[in-house]
Amino acid sequence: MVTAPTTASGNVAVTAANGSTVTVALPATTGAAGVTTAEGTTVYPGAARGTDLAVQATTDGGARALVTLKDSSASTEQRFDLGLPDNTRLVPAEGGYDIVQTGASGGAFAMGHIDAPWAKDATGKSLHTSYRLDGNTLVQSVETDKNTAYPVVADPKWTWGWVTGTVYFDKNETGHTAADSAFVAAVFAFAPPPFDVYGVLNAANISRVAWNAQNDNQCVEIKIPTFQAYEYSGGYCN
């Protein structure tokens, strides 16, 4: 469920079926009131200097924040303060971030995702844009120049509460997985459905890949829903 704030100074909330919630504060500098269209988009005109904001629910249970830079007076750096559930962090993935939650017996389960950013000018030209993290703040930067045609639209999008993504093990957990496939079964026994059943069924193969990853000084990750295991480094692998 997606809840848009009544004013631009509030938080967008995405709530999963289990009741857990991820909140995102809009990059507003005013308390502009939101106006909801017949299609369900909530628009915040004049939310910041030279900037309009809008919030839409998406069909995959997530939300997108449409940031419109109306002219060159608008900031090209937008800051989204994140409110994450306990034991939750961001892991770089596919140009964006997986929102991962640590399991009771180990592993980090990707329960949501922040898509890679994009930005386009008034002619439809794609502009270079990127994310970085500043503590619990997601910062999107958009590169503009004297030839940029305004308005420019950027579109951060995130989901929470889904179970198609990745399960990550760090180096210590990878070592346990390599040594004993029963460790995998224990980790997945406390995971949300359908992680629990499929993880147990694929424990032996996951343990084999973990053994190779340990020898390569890397970690193991498991893609959902195929439950194929791969080696990886960086991010949660520490």
# chains A, B, ... in the order shown; residues from 1 in each chain; ligands from 1
>>> residues_around(residues="region 1-8 of chain A", least_positions_apart="4", cutoff="9 Å", atoms="only C-alpha atoms", output="ChimeraX atom specification")
/A:12-17,25-35,41-45,47,53-58,61-63
>>> write_last_selection(atoms="C-alpha atoms", output="compact mmCIF listing (two decimals), in the first residue's frame")
# COMPACT_ATOMS: atom_id res chain seq x y z
CA VAL A 12 5.72 8.82 1.17
CA ALA A 13 5.03 5.46 2.85
CA VAL A 14 5.10 2.04 1.17
CA THR A 15 3.70 -0.65 3.47
CA ALA A 16 4.17 -4.38 2.86
CA ALA A 17 1.63 -7.11 3.59
CA ALA A 25 10.83 12.16 2.50
CA LEU A 26 10.35 14.29 -0.60
CA PRO A 27 13.05 16.86 -1.44
CA ALA A 28 10.76 19.79 -0.69
CA THR A 29 11.57 23.16 0.86
CA THR A 30 7.96 24.32 1.18
CA GLY A 31 4.83 22.81 2.62
CA ALA A 32 3.04 22.85 -0.72
CA ALA A 33 -0.32 21.11 -0.52
CA GLY A 34 -0.81 17.99 -2.62
CA VAL A 35 -3.52 17.76 -5.26
CA THR A 41 -1.18 10.89 -8.87
CA THR A 42 -0.60 13.43 -6.09
CA VAL A 43 1.04 16.64 -7.37
CA TYR A 44 2.87 19.24 -5.25
CA PRO A 45 3.31 22.43 -7.34
CA ALA A 47 7.49 22.19 -3.68
CA LEU A 53 6.96 17.10 -7.27
CA ALA A 54 4.50 14.28 -7.81
CA VAL A 55 3.95 10.83 -6.26
CA GLN A 56 2.46 7.80 -8.03
CA ALA A 57 1.73 4.27 -6.85
CA THR A 58 3.10 1.61 -9.21
CA GLY A 61 3.44 -2.40 -5.03
CA GLY A 62 5.91 0.48 -5.03
CA ALA A 63 5.97 4.22 -5.62
>>> residues_around(residues="Ala74 (chain A)", least_positions_apart="6", cutoff="10 Å", atoms="only C-alpha atoms", output="ChimeraX atom specification")
/A:48-52,68,151-152
>>> write_last_selection(atoms="all heavy atoms", output="CSV table (one decimal), in the first residue's frame")
chain,number,residue,atom,x,y,z
A,48,ALA,N,9.6,23.2,-4.2
A,48,ALA,CA,10.9,23.8,-4.0
A,48,ALA,C,11.2,24.8,-5.1
A,48,ALA,O,10.4,24.9,-6.1
A,48,ALA,CB,12.0,22.7,-3.9
A,49,ARG,N,12.3,25.6,-5.0
A,49,ARG,CA,12.5,26.6,-6.0
A,49,ARG,C,12.7,26.0,-7.3
A,49,ARG,O,13.5,25.1,-7.6
A,49,ARG,CB,13.8,27.3,-5.6
A,49,ARG,CG,14.2,28.4,-6.6
A,49,ARG,CD,15.4,29.2,-6.1
A,49,ARG,NE,15.8,30.2,-7.1
A,49,ARG,CZ,16.8,31.0,-7.0
A,49,ARG,NH1,17.7,30.8,-6.0
A,49,ARG,NH2,17.1,32.0,-7.8
A,50,GLY,N,11.8,26.4,-8.3
A,50,GLY,CA,11.9,26.0,-9.6
A,50,GLY,C,11.5,24.5,-9.8
A,50,GLY,O,11.8,23.9,-10.8
A,51,THR,N,10.8,23.9,-8.8
A,51,THR,CA,10.6,22.5,-8.8
A,51,THR,C,9.2,22.1,-8.4
A,51,THR,O,8.7,22.6,-7.4
A,51,THR,CB,11.6,21.8,-7.8
A,51,THR,OG1,12.9,22.2,-8.1
A,51,THR,CG2,11.5,20.3,-7.8
A,52,ASP,N,8.6,21.2,-9.2
A,52,ASP,CA,7.4,20.6,-8.8
A,52,ASP,C,7.6,19.1,-8.5
A,52,ASP,O,8.6,18.5,-9.1
A,52,ASP,CB,6.4,20.6,-10.0
A,52,ASP,CG,5.9,22.0,-10.3
A,52,ASP,OD1,6.0,22.9,-9.4
A,52,ASP,OD2,5.4,22.2,-11.4
A,68,THR,N,10.2,17.4,-11.2
A,68,THR,CA,10.2,18.3,-12.4
A,68,THR,C,11.0,19.5,-12.1
A,68,THR,O,10.6,20.4,-11.3
A,68,THR,CB,8.8,18.6,-12.9
A,68,THR,OG1,8.1,17.5,-13.1
A,68,THR,CG2,8.9,19.5,-14.1
A,151,PRO,N,11.2,21.8,-19.2
A,151,PRO,CA,11.5,21.2,-17.9
A,151,PRO,C,12.2,19.8,-18.1
A,151,PRO,O,12.1,19.2,-19.1
A,151,PRO,CB,10.1,21.0,-17.3
A,151,PRO,CG,9.2,20.8,-18.5
A,151,PRO,CD,9.8,21.7,-19.6
A,152,VAL,N,13.0,19.5,-17.0
A,152,VAL,CA,13.7,18.2,-16.8
A,152,VAL,C,12.9,17.4,-15.8
A,152,VAL,O,12.5,17.9,-14.8
A,152,VAL,CB,15.1,18.4,-16.4
A,152,VAL,CG1,15.7,17.1,-16.0
A,152,VAL,CG2,15.9,19.1,-17.4
>>> residues_around(residues="Gln228 (chain A)", least_positions_apart="6", cutoff="10 Å", atoms="only C-alpha atoms", output="list in words")
Thr166, Asn202, Asn205, Ile206, Val209, Glu221 and Ile222 of chain A
>>> atom_distance(atom1="CA of Gly83 (chain A)", atom2="CA of Tyr232 (chain A)")
27.4 Å
>>> residues_around(residues="Lys223 (chain A)", least_positions_apart="6", cutoff="10 Å", atoms="only C-alpha atoms", output="MDAnalysis selection string")
chainID A and resid 110 164:168 229:230
>>> write_last_selection(atoms="N, CA and C atoms", output="tab-separated table (two decimals), in the first residue's frame")
chain	number	residue	atom	x	y	z
A	110	ALA	N	16.67	-9.46	-0.05
A	110	ALA	CA	16.23	-8.27	-0.76
A	110	ALA	C	14.70	-8.23	-0.77
A	164	THR	N	11.02	-11.13	-4.90
A	164	THR	CA	11.79	-11.50	-6.09
A	164	THR	C	13.00	-10.59	-6.12
A	165	GLY	N	14.16	-11.15	-5.96
A	165	GLY	CA	15.35	-10.33	-5.92
A	165	GLY	C	16.57	-11.17	-5.63
A	166	THR	N	17.26	-10.88	-4.54
A	166	THR	CA	18.52	-11.52	-4.23
A	166	THR	C	18.62	-11.78	-2.73
A	167	VAL	N	19.26	-12.90	-2.38
A	167	VAL	CA	19.66	-13.16	-1.00
A	167	VAL	C	21.18	-13.08	-0.96
A	168	TYR	N	21.71	-12.28	-0.03
A	168	TYR	CA	23.15	-12.08	0.07
A	168	TYR	C	23.70	-12.75	1.32
A	229	ALA	N	22.71	-19.78	-7.54
A	229	ALA	CA	23.70	-19.15	-6.68
A	229	ALA	C	24.89	-18.67	-7.50
A	230	TYR	N	25.46	-17.50	-7.12
A	230	TYR	CA	26.58	-16.89	-7.84
A	230	TYR	C	27.59	-16.33	-6.84
>>> atom_distance(atom1="CA of Ala119 (chain A)", atom2="CA of Val153 (chain A)")
5.5 Å
>>> atom_distance(atom1="CA of Pro117 (chain A)", atom2="CA of Glu94 (chain A)")
10.3 Å
>>> residues_around(residues="Tyr97 (chain A)", least_positions_apart="4", cutoff="12 Å", atoms="only C-alpha atoms", output="PDB file with N, CA, C and O atoms, in the first residue's frame")
ATOM      1  N   ARG A  89      19.089  -2.370   5.343  1.00  0.00           N
ATOM      2  CA  ARG A  89      20.100  -1.491   4.765  1.00  0.00           C
ATOM      3  C   ARG A  89      19.999  -1.538   3.244  1.00  0.00           C
ATOM      4  O   ARG A  89      19.256  -2.348   2.687  1.00  0.00           O
ATOM      5  N   LEU A  90      20.750  -0.659   2.592  1.00  0.00           N
ATOM      6  CA  LEU A  90      20.794  -0.620   1.135  1.00  0.00           C
ATOM      7  C   LEU A  90      22.079  -1.266   0.632  1.00  0.00           C
ATOM      8  O   LEU A  90      23.154  -1.032   1.184  1.00  0.00           O
ATOM      9  N   VAL A  91      21.951  -2.077  -0.431  1.00  0.00           N
ATOM     10  CA  VAL A  91      23.088  -2.729  -1.078  1.00  0.00           C
ATOM     11  C   VAL A  91      23.065  -2.332  -2.553  1.00  0.00           C
ATOM     12  O   VAL A  91      22.033  -2.497  -3.212  1.00  0.00           O
ATOM     13  N   PRO A  92      24.164  -1.790  -3.115  1.00  0.00           N
ATOM     14  CA  PRO A  92      24.175  -1.408  -4.537  1.00  0.00           C
ATOM     15  C   PRO A  92      23.805  -2.584  -5.433  1.00  0.00           C
ATOM     16  O   PRO A  92      24.297  -3.704  -5.249  1.00  0.00           O
ATOM     17  N   ALA A  93      22.927  -2.334  -6.408  1.00  0.00           N
ATOM     18  CA  ALA A  93      22.482  -3.399  -7.315  1.00  0.00           C
ATOM     19  C   ALA A  93      21.885  -2.790  -8.571  1.00  0.00           C
ATOM     20  O   ALA A  93      20.967  -1.959  -8.499  1.00  0.00           O
ATOM     21  N   ALA A 110      16.671  -9.461  -0.048  1.00  0.00           N
ATOM     22  CA  ALA A 110      16.227  -8.266  -0.762  1.00  0.00           C
ATOM     23  C   ALA A 110      14.701  -8.229  -0.767  1.00  0.00           C
ATOM     24  O   ALA A 110      14.056  -8.936  -1.529  1.00  0.00           O
ATOM     25  N   MET A 111      14.151  -7.400   0.077  1.00  0.00           N
ATOM     26  CA  MET A 111      12.702  -7.286   0.206  1.00  0.00           C
ATOM     27  C   MET A 111      12.144  -6.091  -0.565  1.00  0.00           C
ATOM     28  O   MET A 111      10.945  -5.828  -0.540  1.00  0.00           O
ATOM     29  N   GLY A 112      13.026  -5.366  -1.219  1.00  0.00           N
ATOM     30  CA  GLY A 112      12.592  -4.228  -2.015  1.00  0.00           C
ATOM     31  C   GLY A 112      13.744  -3.741  -2.867  1.00  0.00           C
ATOM     32  O   GLY A 112      14.861  -4.273  -2.799  1.00  0.00           O
ATOM     33  N   HIS A 113      13.498  -2.728  -3.672  1.00  0.00           N
ATOM     34  CA  HIS A 113      14.520  -2.263  -4.611  1.00  0.00           C
ATOM     35  C   HIS A 113      14.282  -0.801  -4.957  1.00  0.00           C
ATOM     36  O   HIS A 113      13.137  -0.340  -5.042  1.00  0.00           O
ATOM     37  N   ILE A 114      15.382  -0.062  -5.121  1.00  0.00           N
ATOM     38  CA  ILE A 114      15.347   1.287  -5.681  1.00  0.00           C
ATOM     39  C   ILE A 114      15.928   1.192  -7.087  1.00  0.00           C
ATOM     40  O   ILE A 114      17.089   0.817  -7.266  1.00  0.00           O
ATOM     41  N   ASP A 115      15.113   1.477  -8.081  1.00  0.00           N
ATOM     42  CA  ASP A 115      15.548   1.344  -9.471  1.00  0.00           C
ATOM     43  C   ASP A 115      16.670   2.322  -9.801  1.00  0.00           C
ATOM     44  O   ASP A 115      16.814   3.382  -9.167  1.00  0.00           O
ATOM     45  N   ALA A 116      17.457   1.975 -10.814  1.00  0.00           N
ATOM     46  CA  ALA A 116      18.463   2.909 -11.332  1.00  0.00           C
ATOM     47  C   ALA A 116      17.778   4.215 -11.733  1.00  0.00           C
ATOM     48  O   ALA A 116      16.670   4.205 -12.273  1.00  0.00           O
ATOM     49  N   PRO A 117      18.405   5.352 -11.475  1.00  0.00           N
ATOM     50  CA  PRO A 117      17.748   6.631 -11.767  1.00  0.00           C
ATOM     51  C   PRO A 117      17.740   6.958 -13.254  1.00  0.00           C
ATOM     52  O   PRO A 117      18.565   6.459 -14.015  1.00  0.00           O
ATOM     53  N   SER A 130      22.763  10.127 -11.391  1.00  0.00           N
ATOM     54  CA  SER A 130      23.313   9.062 -10.551  1.00  0.00           C
ATOM     55  C   SER A 130      22.841   9.232  -9.116  1.00  0.00           C
ATOM     56  O   SER A 130      22.371  10.304  -8.720  1.00  0.00           O
ATOM     57  N   TYR A 131      22.973   8.137  -8.359  1.00  0.00           N
ATOM     58  CA  TYR A 131      22.658   8.134  -6.936  1.00  0.00           C
ATOM     59  C   TYR A 131      23.949   8.060  -6.122  1.00  0.00           C
ATOM     60  O   TYR A 131      24.949   7.494  -6.558  1.00  0.00           O
ATOM     61  N   ARG A 132      23.876   8.560  -4.911  1.00  0.00           N
ATOM     62  CA  ARG A 132      24.853   8.273  -3.873  1.00  0.00           C
ATOM     63  C   ARG A 132      24.111   8.287  -2.545  1.00  0.00           C
ATOM     64  O   ARG A 132      22.996   8.832  -2.443  1.00  0.00           O
ATOM     65  N   LEU A 133      24.738   7.671  -1.545  1.00  0.00           N
ATOM     66  CA  LEU A 133      24.157   7.654  -0.220  1.00  0.00           C
ATOM     67  C   LEU A 133      24.908   8.610   0.692  1.00  0.00           C
ATOM     68  O   LEU A 133      26.139   8.636   0.712  1.00  0.00           O
ATOM     69  N   LEU A 138      19.177   9.261   0.335  1.00  0.00           N
ATOM     70  CA  LEU A 138      19.460   8.944  -1.062  1.00  0.00           C
ATOM     71  C   LEU A 138      19.549  10.260  -1.825  1.00  0.00           C
ATOM     72  O   LEU A 138      18.605  11.058  -1.803  1.00  0.00           O
ATOM     73  N   PRO A 156      12.889   8.868  -9.423  1.00  0.00           N
ATOM     74  CA  PRO A 156      13.228   7.794  -8.474  1.00  0.00           C
ATOM     75  C   PRO A 156      12.022   6.868  -8.267  1.00  0.00           C
ATOM     76  O   PRO A 156      10.885   7.327  -8.129  1.00  0.00           O
ATOM     77  N   LYS A 157      12.267   5.550  -8.240  1.00  0.00           N
ATOM     78  CA  LYS A 157      11.201   4.570  -8.043  1.00  0.00           C
ATOM     79  C   LYS A 157      11.697   3.501  -7.082  1.00  0.00           C
ATOM     80  O   LYS A 157      12.836   3.053  -7.169  1.00  0.00           O
ATOM     81  N   TRP A 158      10.825   3.100  -6.150  1.00  0.00           N
ATOM     82  CA  TRP A 158      11.216   2.082  -5.177  1.00  0.00           C
ATOM     83  C   TRP A 158      10.044   1.161  -4.856  1.00  0.00           C
ATOM     84  O   TRP A 158       8.881   1.523  -5.021  1.00  0.00           O
ATOM     85  N   THR A 159      10.400  -0.051  -4.437  1.00  0.00           N
ATOM     86  CA  THR A 159       9.398  -1.022  -4.000  1.00  0.00           C
ATOM     87  C   THR A 159       9.793  -1.532  -2.621  1.00  0.00           C
ATOM     88  O   THR A 159      10.951  -1.446  -2.207  1.00  0.00           O
ATOM     89  N   TRP A 160       8.828  -2.112  -1.931  1.00  0.00           N
ATOM     90  CA  TRP A 160       9.083  -2.715  -0.622  1.00  0.00           C
ATOM     91  C   TRP A 160       8.044  -3.810  -0.386  1.00  0.00           C
ATOM     92  O   TRP A 160       6.866  -3.631  -0.696  1.00  0.00           O
ATOM     93  N   GLY A 165      14.159 -11.145  -5.959  1.00  0.00           N
ATOM     94  CA  GLY A 165      15.353 -10.325  -5.916  1.00  0.00           C
ATOM     95  C   GLY A 165      16.569 -11.166  -5.633  1.00  0.00           C
ATOM     96  O   GLY A 165      16.868 -12.095  -6.370  1.00  0.00           O
ATOM     97  N   THR A 166      17.256 -10.876  -4.537  1.00  0.00           N
ATOM     98  CA  THR A 166      18.522 -11.521  -4.228  1.00  0.00           C
ATOM     99  C   THR A 166      18.618 -11.780  -2.731  1.00  0.00           C
ATOM    100  O   THR A 166      18.134 -10.978  -1.930  1.00  0.00           O
ATOM    101  N   GLY A 235      29.519  -4.447  -1.684  1.00  0.00           N
ATOM    102  CA  GLY A 235      28.201  -4.375  -1.066  1.00  0.00           C
ATOM    103  C   GLY A 235      28.141  -5.056   0.281  1.00  0.00           C
ATOM    104  O   GLY A 235      28.869  -4.716   1.220  1.00  0.00           O
ATOM    105  N   TYR A 236      27.295  -6.081   0.386  1.00  0.00           N
ATOM    106  CA  TYR A 236      27.113  -6.806   1.645  1.00  0.00           C
ATOM    107  C   TYR A 236      28.284  -7.744   1.919  1.00  0.00           C
ATOM    108  O   TYR A 236      28.419  -8.274   3.028  1.00  0.00           O
TER     109      TYR A 236
END
>>> residues_around(residues="Thr177 (chain A)", least_positions_apart="6", cutoff="9 Å", atoms="only C-alpha atoms", output="PDB file with C-alpha atoms, in the first residue's frame")
ATOM      1  CA  PHE A 169      25.642 -13.823   2.342  1.00  0.00           C
ATOM      2  CA  PHE A 183      23.459 -23.712   7.664  1.00  0.00           C
ATOM      3  CA  VAL A 184      21.580 -22.744   4.482  1.00  0.00           C
ATOM      4  CA  ALA A 203      20.787 -25.985   0.008  1.00  0.00           C
ATOM      5  CA  ILE A 206      24.140 -23.183  -2.720  1.00  0.00           C
ATOM      6  CA  SER A 207      26.735 -24.767  -0.429  1.00  0.00           C
ATOM      7  CA  ARG A 208      28.799 -25.900  -3.439  1.00  0.00           C
ATOM      8  CA  ALA A 210      29.737 -20.954  -1.507  1.00  0.00           C
ATOM      9  CA  TRP A 211      32.759 -23.288  -1.301  1.00  0.00           C
ATOM     10  CA  VAL A 220      27.666 -16.018  -2.457  1.00  0.00           C
TER      11      VAL A 220
END
>>> closest_residue(among="A:Trp162, A:Thr59, A:Thr76, A:Ala154", to="Asp98 (chain A)", atoms="only C-alpha atoms")
A:Trp162
>>> residues_around(residues="Asp86 (chain A)", least_positions_apart="2", cutoff="8 Å", atoms="only C-alpha atoms", output="MDAnalysis selection string")
chainID A and resid 84 88 101
>>> closest_residue(among="A:Ala65, A:Asn212, A:Gly161, A:Val142", to="Asn18 (chain A)", atoms="only C-alpha atoms")
A:Gly161
>>> select_by_dssp(residues="chain A", states="strand (DSSP E)", output="number ranges by chain")
A: 2-3, 11-15, 21-25, 35-36, 42-48, 51-57, 63-69, 77-83, 88-93, 96-102, 108-114, 119-120, 129-134, 137-142, 152-154, 157-160, 166-168, 219-223, 228-232
>>> write_last_selection(atoms="C-alpha atoms", output="short mmCIF file (atom, residue, chain, number, x, y, z; two decimals), in the first residue's frame")
data_model
loop_
_atom_site.label_atom_id
_atom_site.label_comp_id
_atom_site.auth_asym_id
_atom_site.auth_seq_id
_atom_site.Cartn_x
_atom_site.Cartn_y
_atom_site.Cartn_z
CA VAL A 2 1.28 3.46 -0.91
CA THR A 3 0.38 6.54 1.12
CA ASN A 11 6.77 11.28 3.85
CA VAL A 12 5.72 8.82 1.17
CA ALA A 13 5.03 5.46 2.85
CA VAL A 14 5.10 2.04 1.17
CA THR A 15 3.70 -0.65 3.47
CA THR A 21 6.98 0.23 6.08
CA VAL A 22 9.63 2.11 4.12
CA THR A 23 9.23 5.90 4.14
CA VAL A 24 10.78 8.43 1.78
CA ALA A 25 10.83 12.16 2.50
CA VAL A 35 -3.52 17.76 -5.26
CA THR A 36 -4.59 14.24 -6.24
CA THR A 42 -0.60 13.43 -6.09
CA VAL A 43 1.04 16.64 -7.37
CA TYR A 44 2.87 19.24 -5.25
CA PRO A 45 3.31 22.43 -7.34
CA GLY A 46 6.12 24.72 -6.17
CA ALA A 47 7.49 22.19 -3.68
CA ALA A 48 10.94 23.79 -3.98
CA THR A 51 10.64 22.45 -8.77
CA ASP A 52 7.35 20.56 -8.83
CA LEU A 53 6.96 17.10 -7.27
CA ALA A 54 4.50 14.28 -7.81
CA VAL A 55 3.95 10.83 -6.26
CA GLN A 56 2.46 7.80 -8.03
CA ALA A 57 1.73 4.27 -6.85
CA ALA A 63 5.97 4.22 -5.62
CA ARG A 64 7.71 6.73 -7.84
CA ALA A 65 8.54 10.36 -7.11
CA LEU A 66 8.44 12.49 -10.26
CA VAL A 67 10.72 15.51 -9.84
CA THR A 68 10.22 18.27 -12.40
CA LEU A 69 12.96 20.88 -12.69
CA GLU A 77 20.71 17.59 -6.48
CA GLN A 78 17.63 16.06 -4.87
CA ARG A 79 17.78 14.53 -1.38
CA PHE A 80 15.38 11.80 -0.23
CA ASP A 81 15.60 10.94 3.47
CA LEU A 82 14.85 7.23 3.98
CA GLY A 83 13.06 5.62 6.89
CA THR A 88 17.47 -3.08 6.99
CA ARG A 89 20.10 -1.49 4.77
CA LEU A 90 20.79 -0.62 1.13
CA VAL A 91 23.09 -2.73 -1.08
CA PRO A 92 24.17 -1.41 -4.54
CA ALA A 93 22.48 -3.40 -7.32
CA GLY A 96 20.22 1.36 -7.94
CA TYR A 97 19.96 -0.36 -4.58
CA ASP A 98 18.43 -3.49 -3.12
CA ILE A 99 16.64 -2.85 0.18
CA VAL A 100 17.80 -5.84 2.22
CA GLN A 101 16.73 -7.10 5.62
CA THR A 102 18.94 -9.33 7.75
CA ALA A 108 20.29 -10.52 3.89
CA PHE A 109 17.04 -10.81 1.93
CA ALA A 110 16.23 -8.27 -0.76
CA MET A 111 12.70 -7.29 0.21
CA GLY A 112 12.59 -4.23 -2.01
CA HIS A 113 14.52 -2.26 -4.61
CA ILE A 114 15.35 1.29 -5.68
CA ALA A 119 16.28 11.94 -16.11
CA LYS A 120 15.08 13.46 -19.40
CA THR A 129 22.08 11.11 -13.48
CA SER A 130 23.31 9.06 -10.55
CA TYR A 131 22.66 8.13 -6.94
CA ARG A 132 24.85 8.27 -3.87
CA LEU A 133 24.16 7.65 -0.22
CA ASP A 134 24.71 10.25 2.49
CA THR A 137 19.68 9.94 2.60
CA LEU A 138 19.46 8.94 -1.06
CA VAL A 139 20.90 11.76 -3.17
CA GLN A 140 20.12 12.00 -6.89
CA SER A 141 22.30 14.27 -9.03
CA VAL A 142 21.27 15.37 -12.53
CA VAL A 152 13.67 18.23 -16.84
CA VAL A 153 11.95 15.22 -15.27
CA ALA A 154 13.69 12.73 -12.97
CA LYS A 157 11.20 4.57 -8.04
CA TRP A 158 11.22 2.08 -5.18
CA THR A 159 9.40 -1.02 -4.00
CA TRP A 160 9.08 -2.71 -0.62
CA THR A 166 18.52 -11.52 -4.23
CA VAL A 167 19.66 -13.16 -1.00
CA TYR A 168 23.15 -12.08 0.07
CA CYS A 219 30.72 -14.19 -1.20
CA VAL A 220 27.67 -16.02 -2.46
CA GLU A 221 24.39 -14.47 -3.62
CA ILE A 222 21.20 -16.28 -4.62
CA LYS A 223 18.84 -14.96 -7.28
CA GLN A 228 20.64 -19.92 -8.80
CA ALA A 229 23.70 -19.15 -6.68
CA TYR A 230 26.58 -16.89 -7.84
CA GLU A 231 29.81 -15.44 -6.52
CA TYR A 232 29.97 -11.70 -5.87
#
>>> select_by_dssp(residues="region 24-216 of chain A", states="alpha helix (DSSP H)", output="number ranges by chain")
A: 171-179, 181-189, 195-201, 203-215
